[in-house]
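S.K.: Can you read through this structure? Questions will come right after.
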Amino acid sequence: MKNKRKIKSIVMIIISAYLFTGCWNYREINNLSVVAGIAIDRNELDGKYEVTIEIVNIKKGKDISNNSEYVTLCGDSLFDIIRNMISVSSRRLYFSHAKIVIISKELAKDGLSKAIDWYIRDAETRTDIYLLISKEKTAKEVLMTKRNENMIVSFDLAKVIQNEKNVSTAPKVDLWDFLDILKQKEANTSLPLIFIDKSGEKEVPRIEGMAVIKDDKLVGMIDGDIAKYILFTTDEIKTGILVLGRKSSEPISFEIFKNRTKVKYKFDEDKMKVQVFTDTIVSIAEYQTQQPFNTSEEKEVIEKQLANMLEESIYNSINMIQKEYKSDIFGFGITLHKNYPKLWKELSDNWEYNFENLEVEVISKVQIKNSATTSKPIMGD
């Protein structure tokens, strides 16, 4: 009995020794270049790939500060470029902390999967990285545009994407989500657009708008206002701003507190109609009109006006995607495949045509929760 206990104890000690010896793939951080972000372009001169990476540069001393530096290299394949960058940076690249991949619009028109294949297959990369399309001539120039010197652009942009829900003018898509869509032949998707905003004192990268992706390729770009109503359709609106009478001299601005969108499929005499129902709770954030809203009846008038505006804007956005891009970025095909497999079997062979001619109805409901700190027009009687 004692011998058995001794044997068990020895076995436990041996197992513990293996478990607590540390990380098997431990590497000194000083021997690595920590990559924050990646920009992928097509070189104009020879048509080869051009990759730019942002590397975290930690300065030690009395005051520790972080900033970044850049490395750019061209080559025939992306993996070949990444490995050859060791000869430039003098250290092996470490991608586990990378936050964004920016792809140029020209490269995206040729196909996105080619540009990200190397990243997906690499054992040291992560698929929770954000994917963006550059509206500028190159992706490199966006990645290298800094608000100030002591900043890491990629980390800053990742925070912007995470807080994008406050304005809701661009989708939030990571590489994992994009790969999941690519696997479903009945679906297409959209990606956020990034560009250089030159309206202020300093040029800064700005995320706004939507890149329409069809069959893995960029087919169009739409601005933030239209993108917002597409996000309504896909139930991705959590908060943001709505403006009633945007083109008038007396607009009313509303802050979105809550929104819920439901998509239903109605069948009547062998015809199918997609119905989009939105239920939105808002508050009045800015009131530049003299239209009264003191009574419940007057408030209902404004609610109806905003609901009508939402219905028209959402419908026009869906119709534009149907007619101009013929790209089912709304996921109608995915829902049909899942819930109505027999019908999908009939429609799937010619889904582009069926999607383009799909009848859509939008029904919006709006409730004004409050009007901030006052319930009357400032210049009212």
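Chain labels run A, B, ... following the order of the structure tokens; each chain numbers its residues from 1, and ligands are numbered from 1 in the order shown.
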Among segment 166-342 of chain A, which ones does DSSP assign to strand (DSSP E or B) (computed from the backbone)? Answer as an mmCIF file with N, CA and C atoms, in the first residue's frame.
M.R.:
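File written: result_16.cif
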data_model
loop_
_atom_site.group_PDB
_atom_site.id
_atom_site.type_symbol
_atom_site.label_atom_id
_atom_site.label_comp_id
_atom_site.auth_asym_id
_atom_site.auth_seq_id
_atom_site.Cartn_x
_atom_site.Cartn_y
_atom_site.Cartn_z
ATOM 1 N N ASP A 174 -15.069 42.505 -37.856
ATOM 2 C CA ASP A 174 -13.719 41.966 -37.672
ATOM 3 C C ASP A 174 -13.489 40.842 -38.681
ATOM 4 N N THR A 189 -21.593 41.140 -47.957
ATOM 5 C CA THR A 189 -21.412 41.890 -46.722
ATOM 6 C C THR A 189 -20.943 43.310 -47.021
ATOM 7 N N SER A 190 -20.651 44.044 -45.968
ATOM 8 C CA SER A 190 -20.127 45.401 -46.092
ATOM 9 C C SER A 190 -18.992 45.580 -45.092
ATOM 10 N N LEU A 191 -18.108 46.528 -45.378
ATOM 11 C CA LEU A 191 -16.984 46.836 -44.501
ATOM 12 C C LEU A 191 -16.928 48.336 -44.265
ATOM 13 N N PRO A 192 -16.365 48.772 -43.149
ATOM 14 C CA PRO A 192 -16.245 50.209 -42.895
ATOM 15 C C PRO A 192 -15.227 50.873 -43.817
ATOM 16 N N LEU A 193 -15.510 52.116 -44.173
ATOM 17 C CA LEU A 193 -14.592 52.909 -44.987
ATOM 18 C C LEU A 193 -13.749 53.803 -44.085
ATOM 19 N N ILE A 194 -12.508 54.025 -44.476
ATOM 20 C CA ILE A 194 -11.640 54.936 -43.753
ATOM 21 C C ILE A 194 -11.001 55.892 -44.745
ATOM 22 N N PHE A 195 -10.889 57.162 -44.342
ATOM 23 C CA PHE A 195 -10.299 58.173 -45.219
ATOM 24 C C PHE A 195 -9.612 59.225 -44.367
ATOM 25 N N ILE A 196 -8.926 60.161 -45.008
ATOM 26 C CA ILE A 196 -8.235 61.234 -44.297
ATOM 27 C C ILE A 196 -9.118 62.468 -44.300
ATOM 28 N N ASP A 197 -9.528 62.898 -43.119
ATOM 29 C CA ASP A 197 -10.360 64.100 -42.968
ATOM 30 C C ASP A 197 -9.441 65.320 -42.953
ATOM 31 N N VAL A 204 -6.599 63.994 -40.116
ATOM 32 C CA VAL A 204 -6.762 62.846 -39.223
ATOM 33 C C VAL A 204 -7.498 61.724 -39.956
ATOM 34 N N PRO A 205 -7.198 60.465 -39.627
ATOM 35 C CA PRO A 205 -7.970 59.354 -40.204
ATOM 36 C C PRO A 205 -9.389 59.376 -39.648
ATOM 37 N N ARG A 206 -10.353 59.105 -40.497
ATOM 38 C CA ARG A 206 -11.755 59.110 -40.062
ATOM 39 C C ARG A 206 -12.483 57.897 -40.631
ATOM 40 N N ILE A 207 -13.268 57.249 -39.797
ATOM 41 C CA ILE A 207 -14.040 56.078 -40.204
ATOM 42 C C ILE A 207 -15.499 56.483 -40.381
ATOM 43 N N GLU A 208 -15.983 56.367 -41.600
ATOM 44 C CA GLU A 208 -17.374 56.716 -41.884
ATOM 45 C C GLU A 208 -17.759 56.151 -43.252
ATOM 46 N N GLY A 209 -18.955 55.609 -43.353
ATOM 47 C CA GLY A 209 -19.410 55.067 -44.625
ATOM 48 C C GLY A 209 -19.206 53.568 -44.720
ATOM 49 N N MET A 210 -19.584 53.045 -45.864
ATOM 50 C CA MET A 210 -19.661 51.599 -46.018
ATOM 51 C C MET A 210 -19.166 51.169 -47.396
ATOM 52 N N ALA A 211 -18.317 50.147 -47.423
ATOM 53 C CA ALA A 211 -17.879 49.526 -48.669
ATOM 54 C C ALA A 211 -18.787 48.337 -48.944
ATOM 55 N N VAL A 212 -19.404 48.305 -50.102
ATOM 56 C CA VAL A 212 -20.308 47.214 -50.463
ATOM 57 C C VAL A 212 -19.488 46.096 -51.103
ATOM 58 N N ILE A 213 -19.572 44.901 -50.525
ATOM 59 C CA ILE A 213 -18.793 43.759 -50.989
ATOM 60 C C ILE A 213 -19.733 42.740 -51.636
ATOM 61 N N LYS A 214 -19.364 42.309 -52.829
ATOM 62 C CA LYS A 214 -20.153 41.297 -53.542
ATOM 63 C C LYS A 214 -19.193 40.251 -54.107
ATOM 64 N N LYS A 217 -15.554 40.903 -53.650
ATOM 65 C CA LYS A 217 -14.943 42.070 -54.280
ATOM 66 C C LYS A 217 -15.694 43.364 -53.945
ATOM 67 N N LEU A 218 -14.941 44.461 -53.889
ATOM 68 C CA LEU A 218 -15.539 45.777 -53.675
ATOM 69 C C LEU A 218 -16.284 46.209 -54.933
ATOM 70 N N VAL A 219 -17.591 46.525 -54.774
ATOM 71 C CA VAL A 219 -18.389 46.952 -55.927
ATOM 72 C C VAL A 219 -18.923 48.370 -55.781
ATOM 73 N N GLY A 220 -18.797 48.957 -54.594
ATOM 74 C CA GLY A 220 -19.288 50.319 -54.416
ATOM 75 C C GLY A 220 -18.997 50.858 -53.032
ATOM 76 N N MET A 221 -19.071 52.193 -52.902
ATOM 77 C CA MET A 221 -18.858 52.852 -51.614
ATOM 78 C C MET A 221 -19.985 53.845 -51.379
ATOM 79 N N ILE A 222 -20.543 53.829 -50.180
ATOM 80 C CA ILE A 222 -21.647 54.730 -49.858
ATOM 81 C C ILE A 222 -21.301 55.544 -48.616
ATOM 82 N N GLY A 240 -27.089 56.760 -31.669
ATOM 83 C CA GLY A 240 -26.728 57.602 -32.809
ATOM 84 C C GLY A 240 -27.642 58.813 -32.905
ATOM 85 N N ILE A 241 -27.595 59.502 -34.033
ATOM 86 C CA ILE A 241 -28.341 60.741 -34.238
ATOM 87 C C ILE A 241 -29.224 60.628 -35.477
ATOM 88 N N LEU A 242 -30.447 61.131 -35.377
ATOM 89 C CA LEU A 242 -31.345 61.283 -36.519
ATOM 90 C C LEU A 242 -31.690 62.754 -36.652
ATOM 91 N N VAL A 243 -31.728 63.255 -37.879
ATOM 92 C CA VAL A 243 -32.047 64.662 -38.124
ATOM 93 C C VAL A 243 -33.275 64.746 -39.012
ATOM 94 N N LEU A 244 -34.302 65.424 -38.514
ATOM 95 C CA LEU A 244 -35.526 65.646 -39.274
ATOM 96 C C LEU A 244 -35.456 67.035 -39.900
ATOM 97 N N ILE A 252 -34.558 69.399 -36.693
ATOM 98 C CA ILE A 252 -34.703 68.860 -35.345
ATOM 99 C C ILE A 252 -33.790 67.642 -35.245
ATOM 100 N N SER A 253 -32.941 67.620 -34.222
ATOM 101 C CA SER A 253 -32.020 66.500 -34.031
ATOM 102 C C SER A 253 -32.512 65.617 -32.886
ATOM 103 N N PHE A 254 -32.431 64.298 -33.105
ATOM 104 C CA PHE A 254 -32.870 63.327 -32.109
ATOM 105 C C PHE A 254 -31.712 62.394 -31.761
ATOM 106 N N GLU A 255 -31.601 62.074 -30.479
ATOM 107 C CA GLU A 255 -30.641 61.057 -30.060
ATOM 108 C C GLU A 255 -31.370 59.728 -29.917
ATOM 109 N N ILE A 256 -30.803 58.680 -30.522
ATOM 110 C CA ILE A 256 -31.422 57.364 -30.452
ATOM 111 C C ILE A 256 -31.055 56.701 -29.127
ATOM 112 N N PHE A 257 -32.072 56.339 -28.355
ATOM 113 C CA PHE A 257 -31.847 55.613 -27.109
ATOM 114 C C PHE A 257 -31.873 54.105 -27.322
ATOM 115 N N LYS A 258 -32.769 53.680 -28.199
ATOM 116 C CA LYS A 258 -32.956 52.253 -28.405
ATOM 117 C C LYS A 258 -33.606 52.016 -29.754
ATOM 118 N N ASN A 259 -33.211 50.954 -30.413
ATOM 119 C CA ASN A 259 -33.864 50.569 -31.662
ATOM 120 C C ASN A 259 -33.900 49.055 -31.769
ATOM 121 N N ARG A 260 -34.989 48.580 -32.319
ATOM 122 C CA ARG A 260 -35.127 47.154 -32.591
ATOM 123 C C ARG A 260 -35.733 46.978 -33.968
ATOM 124 N N THR A 261 -35.076 46.192 -34.790
ATOM 125 C CA THR A 261 -35.536 45.939 -36.156
ATOM 126 C C THR A 261 -35.867 44.457 -36.324
ATOM 127 N N LYS A 262 -37.019 44.209 -36.913
ATOM 128 C CA LYS A 262 -37.428 42.845 -37.237
ATOM 129 C C LYS A 262 -37.701 42.761 -38.733
ATOM 130 N N VAL A 263 -37.265 41.687 -39.345
ATOM 131 C CA VAL A 263 -37.517 41.450 -40.767
ATOM 132 C C VAL A 263 -38.422 40.228 -40.897
ATOM 133 N N LYS A 264 -39.543 40.421 -41.575
ATOM 134 C CA LYS A 264 -40.485 39.321 -41.783
ATOM 135 C C LYS A 264 -40.693 39.093 -43.280
ATOM 136 N N TYR A 265 -41.111 37.885 -43.608
ATOM 137 C CA TYR A 265 -41.333 37.505 -45.005
ATOM 138 C C TYR A 265 -42.813 37.166 -45.186
ATOM 139 N N LYS A 266 -43.454 37.909 -46.065
ATOM 140 C CA LYS A 266 -44.893 37.746 -46.294
ATOM 141 C C LYS A 266 -45.120 37.102 -47.662
ATOM 142 N N PHE A 267 -45.963 36.076 -47.688
ATOM 143 C CA PHE A 267 -46.237 35.348 -48.931
ATOM 144 C C PHE A 267 -47.708 35.524 -49.316
ATOM 145 N N ASP A 268 -47.922 35.925 -50.556
ATOM 146 C CA ASP A 268 -49.284 36.150 -51.031
ATOM 147 C C ASP A 268 -49.359 35.817 -52.519
ATOM 148 N N LYS A 271 -46.208 35.257 -54.377
ATOM 149 C CA LYS A 271 -45.306 36.413 -54.353
ATOM 150 C C LYS A 271 -44.776 36.595 -52.941
ATOM 151 N N MET A 272 -43.534 37.011 -52.868
ATOM 152 C CA MET A 272 -42.909 37.222 -51.562
ATOM 153 C C MET A 272 -42.581 38.695 -51.366
ATOM 154 N N LYS A 273 -42.868 39.162 -50.162
ATOM 155 C CA LYS A 273 -42.541 40.541 -49.808
ATOM 156 C C LYS A 273 -41.733 40.526 -48.510
ATOM 157 N N VAL A 274 -40.666 41.322 -48.486
ATOM 158 C CA VAL A 274 -39.882 41.484 -47.265
ATOM 159 C C VAL A 274 -40.405 42.705 -46.521
ATOM 160 N N GLN A 275 -40.752 42.520 -45.263
ATOM 161 C CA GLN A 275 -41.237 43.624 -44.432
ATOM 162 C C GLN A 275 -40.202 43.929 -43.353
ATOM 163 N N VAL A 276 -39.786 45.174 -43.311
ATOM 164 C CA VAL A 276 -38.807 45.633 -42.328
ATOM 165 C C VAL A 276 -39.522 46.509 -41.306
ATOM 166 N N PHE A 277 -39.561 46.066 -40.060
ATOM 167 C CA PHE A 277 -40.221 46.803 -38.987
ATOM 168 C C PHE A 277 -39.161 47.397 -38.064
ATOM 169 N N THR A 278 -39.220 48.710 -37.851
ATOM 170 C CA THR A 278 -38.295 49.345 -36.906
ATOM 171 C C THR A 278 -39.089 49.988 -35.780
ATOM 172 N N ASP A 279 -38.578 49.837 -34.586
ATOM 173 C CA ASP A 279 -39.200 50.428 -33.394
ATOM 174 C C ASP A 279 -38.113 51.213 -32.676
ATOM 175 N N THR A 280 -38.211 52.541 -32.692
ATOM 176 C CA THR A 280 -37.113 53.397 -32.241
ATOM 177 C C THR A 280 -37.570 54.343 -31.136
ATOM 178 N N ILE A 281 -36.787 54.408 -30.079
ATOM 179 C CA ILE A 281 -37.037 55.356 -28.982
ATOM 180 C C ILE A 281 -35.965 56.439 -29.046
ATOM 181 N N VAL A 282 -36.399 57.714 -29.072
ATOM 182 C CA VAL A 282 -35.470 58.834 -29.219
ATOM 183 C C VAL A 282 -35.766 59.913 -28.188
ATOM 184 N N SER A 283 -34.852 60.847 -28.075
ATOM 185 C CA SER A 283 -35.096 62.083 -27.326
ATOM 186 C C SER A 283 -34.718 63.256 -28.224
ATOM 187 N N ILE A 284 -35.335 64.381 -27.998
ATOM 188 C CA ILE A 284 -35.005 65.575 -28.788
ATOM 189 C C ILE A 284 -33.723 66.178 -28.233
ATOM 190 N N ALA A 285 -32.691 66.229 -29.054
ATOM 191 C CA ALA A 285 -31.387 66.743 -28.628
ATOM 192 C C ALA A 285 -31.187 68.196 -29.038
ATOM 193 N N GLU A 286 -31.811 68.611 -30.154
ATOM 194 C CA GLU A 286 -31.683 69.993 -30.648
ATOM 195 C C GLU A 286 -32.959 70.340 -31.401
ATOM 196 N N TYR A 287 -33.505 71.518 -31.096
ATOM 197 C CA TYR A 287 -34.807 71.905 -31.646
ATOM 198 C C TYR A 287 -34.713 73.318 -32.222
#
S.K.: Within segment 112-265 of chain A, find each residue whose DSSP state, derived from the backbone, is alpha helix (DSSP H), and express the selection as an NGL selection string.
M.R.: :A and (112-121 or 140-143 or 153-162 or 175-182 or 224-233)
S.K.: Do you have the atom CA of Trp118 of chain A-atom CA of Glu136 of chain A distance handy?
M.R.: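 Result for atom CA of Trp118 of chain A versus atom CA of Glu136 of chain A: 23.8 Å, one decimal.
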S.K.: Identify, on the basis of only C-alpha atoms, every residue whose closest approach to Ile55 of chain A does not exceed 7 Å; exclude the query and any residue fewer than 3 positions from it along the same chain; express the result as a list in words.
M.R.: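 Residues meeting the cut-off are Ser33, Val34, Val35, Ala36, Ser68, Glu69 and Tyr70 of chain A.
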S.K.: Which of these, A:Glu250, A:Asp349, A:Tyr229, A:Ile38, has the shortest distance to Tyr315 of chain A once you count only C-alpha atoms?
M.R.: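 Once distances to Tyr315 of chain A are computed over only C-alpha atoms, the minimum belongs to A:Tyr229.
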S.K.: Please list as a list in words every residue within 7 Å of Lys140 of chain A, counting only C-alpha atoms and excluding residues in the same chain fewer than 3 positions away.
M.R.: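 In the requested form, the answer reads Ala39, Thr52, Leu143 and Met144 of chain A.
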S.K.: Output N, CA and C atoms of each residue in that selection to a file, as a PDB file, in the first residue's frame.
M.R.:
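Listing of selection34.pdb after writing:
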ATOM      1  N   ALA A  39      -1.313  47.842 -43.464  1.00  0.00           N
ATOM      2  CA  ALA A  39      -1.923  48.428 -44.659  1.00  0.00           C
ATOM      3  C   ALA A  39      -1.434  47.652 -45.875  1.00  0.00           C
ATOM      4  N   THR A  52       2.605  47.783 -45.568  1.00  0.00           N
ATOM      5  CA  THR A  52       3.137  48.718 -44.581  1.00  0.00           C
ATOM      6  C   THR A  52       2.643  48.285 -43.215  1.00  0.00           C
ATOM      7  N   LEU A 143      -2.857  54.842 -42.798  1.00  0.00           N
ATOM      8  CA  LEU A 143      -2.198  54.284 -41.623  1.00  0.00           C
ATOM      9  C   LEU A 143      -1.112  55.205 -41.083  1.00  0.00           C
ATOM     10  N   MET A 144      -0.507  55.994 -41.962  1.00  0.00           N
ATOM     11  CA  MET A 144       0.605  56.850 -41.550  1.00  0.00           C
ATOM     12  C   MET A 144       0.188  58.274 -41.210  1.00  0.00           C
TER      13      MET A 144
END
S.K.: At what distance in Å, to one decimal, does atom CA of Ile230 of chain A lie from atom CA of Thr169 of chain A?
M.R.: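 Going from atom CA of Thr169 of chain A over to atom CA of Ile230 of chain A covers 9.3 Å.
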S.K.: Show me, as a ChimeraX atom specification, the residues that have an atom within 10 Å of Ser249 of chain A when counting only C-alpha atoms, minus same-chain residues fewer than 4 positions from it.
M.R.: /A:245,288-289
S.K.: Taking only C-alpha atoms into account, which of A:Lys183, A:Asp328, A:Leu78, A:Gly37 comes nearest Ala158 of chain A?
M.R.: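 Closest candidate: A:Gly37.
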S.K.: Enter the distance from atom CA of Gln162 of chain A to atom CA of Gln322 of chain A, in Å, rounded to one decimal.
M.R.: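 Computing it gives 28.8 Å between the two atoms.
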